[in-house]
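The block underneath contains the structure these notes are about, expressed in structure tokens.
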Amino acid sequence: MDAEREELGVNLTERVEYWARWRGEELALRTPDEDVTWGALGERVARVAGGLRERGIEPGDRVGILAMNSVEWCVLALGAIHAGAIVVPLNIRMAGPELRQILEHSGCAAVAYDGALAPLFAAAEVSGPTTIGLGGADAAVPYADLEAAAPLALVERAEDDAAILGYTSGTTGLPKGVVLTHANLAALALQTTLSEGSTHDRRTLLCIPLAFTGGIVNNFVSTVLAGGMLVIEPTFDPPRALELLERERITTWFAVPVMWQALTALPGFADADLSTLRSAITGGSPVSRKLLDTYHAKGVVIRQAYGLTEATGSVSMPNHEQALATPEAAGQPNVHTRIRIVDLDGNDLPTGEIGEILVRGPQVMGRYWNDEAATAEGIVDGWLRTGDMARLDGDGLLHIADRKKSMFISGGLNVYPAEIERLVDSLPEVAECVVFGEAHERWGEACAILVRGVEGPVDADAIVAHCRANLADYKVPRAVYRTTDPLPRGMSGKILRNEVPAVLDGIKEPA
């Protein structure tokens, strides 16, 4: 039986063929300009796979995609996987040298780009990969030529063969290539389906870049594998997103807190009918109670999830009852997933104590690409070391504290910025904030905060008073910096802490 199973192999794009047979006339993808049925998607994916094979792309080769969200992006990614290749989503906000580093490290045999990103690809100054032009971009191989090829039969792969090679953001060091296998992605799709209680009736709105794990995995792949419909937007435009949530009867939206917040400021938000939105998911940065309550008043239960690229974007999620009762928690582990909270020596901590999150499950990666040292450091005895700090409460729910590297020590005590940010974000006059440690003669480091107000500068004394009333004294900001400019954020919506010093340079002195 084992030999037979190994011979049969797996390939996650078999699901495309499956849904093309079962739901051929139903919609799979929708953009402002194009609708694609499952039947058409199955045929286009097989032809693109054939076109890649004709141009020398073999199983295991890497195919990079540097482009804005589009049907072509999706079909090319599925076609590459169908052909046994590995998709490398490329960050559209990188600089040329950063892109070159990833292309060289991954060894891409082909790179696809659209006209908007062609200058970035040129700035990377790489030679060797076959270039594919999306959206009419000038390249060696026009994308249309791939779709004109003869269909390629599905290429079988082993469960632990890579399907996606996703690079970490690099905000705390050089990007690492996370190998996500066919089995990882299939497990994530099952976990998502079980947590949502839906399959092909799922209607997902995609507003974040496909180059980001939340885009290609949590939105795109999980929807395709479940047989749902993906509504694709090239970028996030708040009025457009609110319109689509209502008009397209969206059931599932994965969005970072700043996106959820942006909708609440729109004139049409109060009257918008969001009753079909049964899976409202957020994560990636602290979520204020104020934001959760705003949506709850409209009958939308936002569930705060926890995940990271190394775990295929998902580790834990609350059900609706948990999200209502304990909205600040990131829920319980996904099915077949185990979580431990450990101290610096790897010893398990008792309930309620903060330590590093360790994860094991079928969605957890097995290795980093061509980096044995990072793999050995990141996976210990089968457990993924996340670098994130949290605690488990008496009900087994996960409460995120912060990134391990974001923590600072004041007077010998650990301070987790996310805890303070959540509290300050709850103030109606605060649009966003970031907390950090600042050198202090007595305490080593003291808490400082940079705040942008909703309407002009905030009252620094009110910020401090609010913190003093709700936090231990060593967590209260000793300095409040104010800005009227949006805080620097990465593609995933997270605040770029490494760019905060540059913002502070322009402010000079705290309020």
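Residues in the structure tokens are numbered from 1 in each chain, the chains being A, B, ... in the order shown, and ligands are numbered from 1 in the order shown.
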Q: Output as a PyMOL selection string all residues of segment 207-296 of chain A that backbone DSSP marks as strand (DSSP E).
A: chain A and resi 229-232+252-254+279-282
Q) Counting only C-alpha atoms, what is within 7 Å of Gly453 of chain A, bar same-chain residues fewer than 6 positions away, as a PyMOL selection string? A) chain A and resi 429-431+484
Give me the residues near segment 338-342 of chain A as a PDB file with C-alpha atoms, in the first residue's frame, where near means some atom within 7 Å (using only C-alpha atoms) and where sequence neighbours in that chain fewer than 2 positions away do not count.
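The resulting file, out_36.pdb, is reproduced below:
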ATOM      1  CA  PRO A 333      -5.117  25.826  17.918  1.00  0.00           C
ATOM      2  CA  HIS A 336      -4.197  18.685  14.329  1.00  0.00           C
ATOM      3  CA  LEU A 344      14.229  30.871  27.285  1.00  0.00           C
ATOM      4  CA  GLY A 346      12.647  25.621  26.267  1.00  0.00           C
ATOM      5  CA  ASN A 347      10.814  24.574  29.438  1.00  0.00           C
ATOM      6  CA  ASP A 348       7.024  24.598  29.378  1.00  0.00           C
ATOM      7  CA  LEU A 349       5.467  27.441  31.336  1.00  0.00           C
ATOM      8  CA  GLY A 355       6.766  32.812  26.889  1.00  0.00           C
ATOM      9  CA  GLU A 356       7.674  31.923  23.318  1.00  0.00           C
ATOM     10  CA  ILE A 357       5.109  30.109  21.150  1.00  0.00           C
ATOM     11  CA  LEU A 358       6.173  26.723  19.798  1.00  0.00           C
ATOM     12  CA  VAL A 359       3.967  25.082  17.163  1.00  0.00           C
ATOM     13  CA  ARG A 360       3.655  21.638  15.634  1.00  0.00           C
ATOM     14  CA  GLY A 361       1.142  20.615  12.982  1.00  0.00           C
ATOM     15  CA  ARG A 391       0.284  33.071  27.098  1.00  0.00           C
TER      16      ARG A 391
END
(Q) Can you pull out the residues contacting segment 206-223 of chain A? Cut-off 8 Å, using only C-alpha atoms, and skip same-chain residues under 3 positions away; I want them as a PyMOL selection string. (A) chain A and resi 65-66+68-69+74+89-92+166+185+188-189+192+202-203+226-236+241+253-255+309+312-314+491-492
Counting only C-alpha atoms, which residues in segment 402-437 of chain A sit no more than 12 Å from segment 500-505 of chain A? For each one, give the nearest pair of atoms and the distance in Å, sorted by chain then residue number, as a Markdown table.
| residue | atom | partner | partner_atom | distance |
| --- | --- | --- | --- | --- |
| A:Cys433 | CA | A:Val500 | CA | 10.7 |
| A:Val434 | CA | A:Val500 | CA | 8.4 |
| A:Val435 | CA | A:Val500 | CA | 9.8 |
| A:Phe436 | CA | A:Val500 | CA | 9.1 |
| A:Gly437 | CA | A:Pro501 | CA | 11.3 |
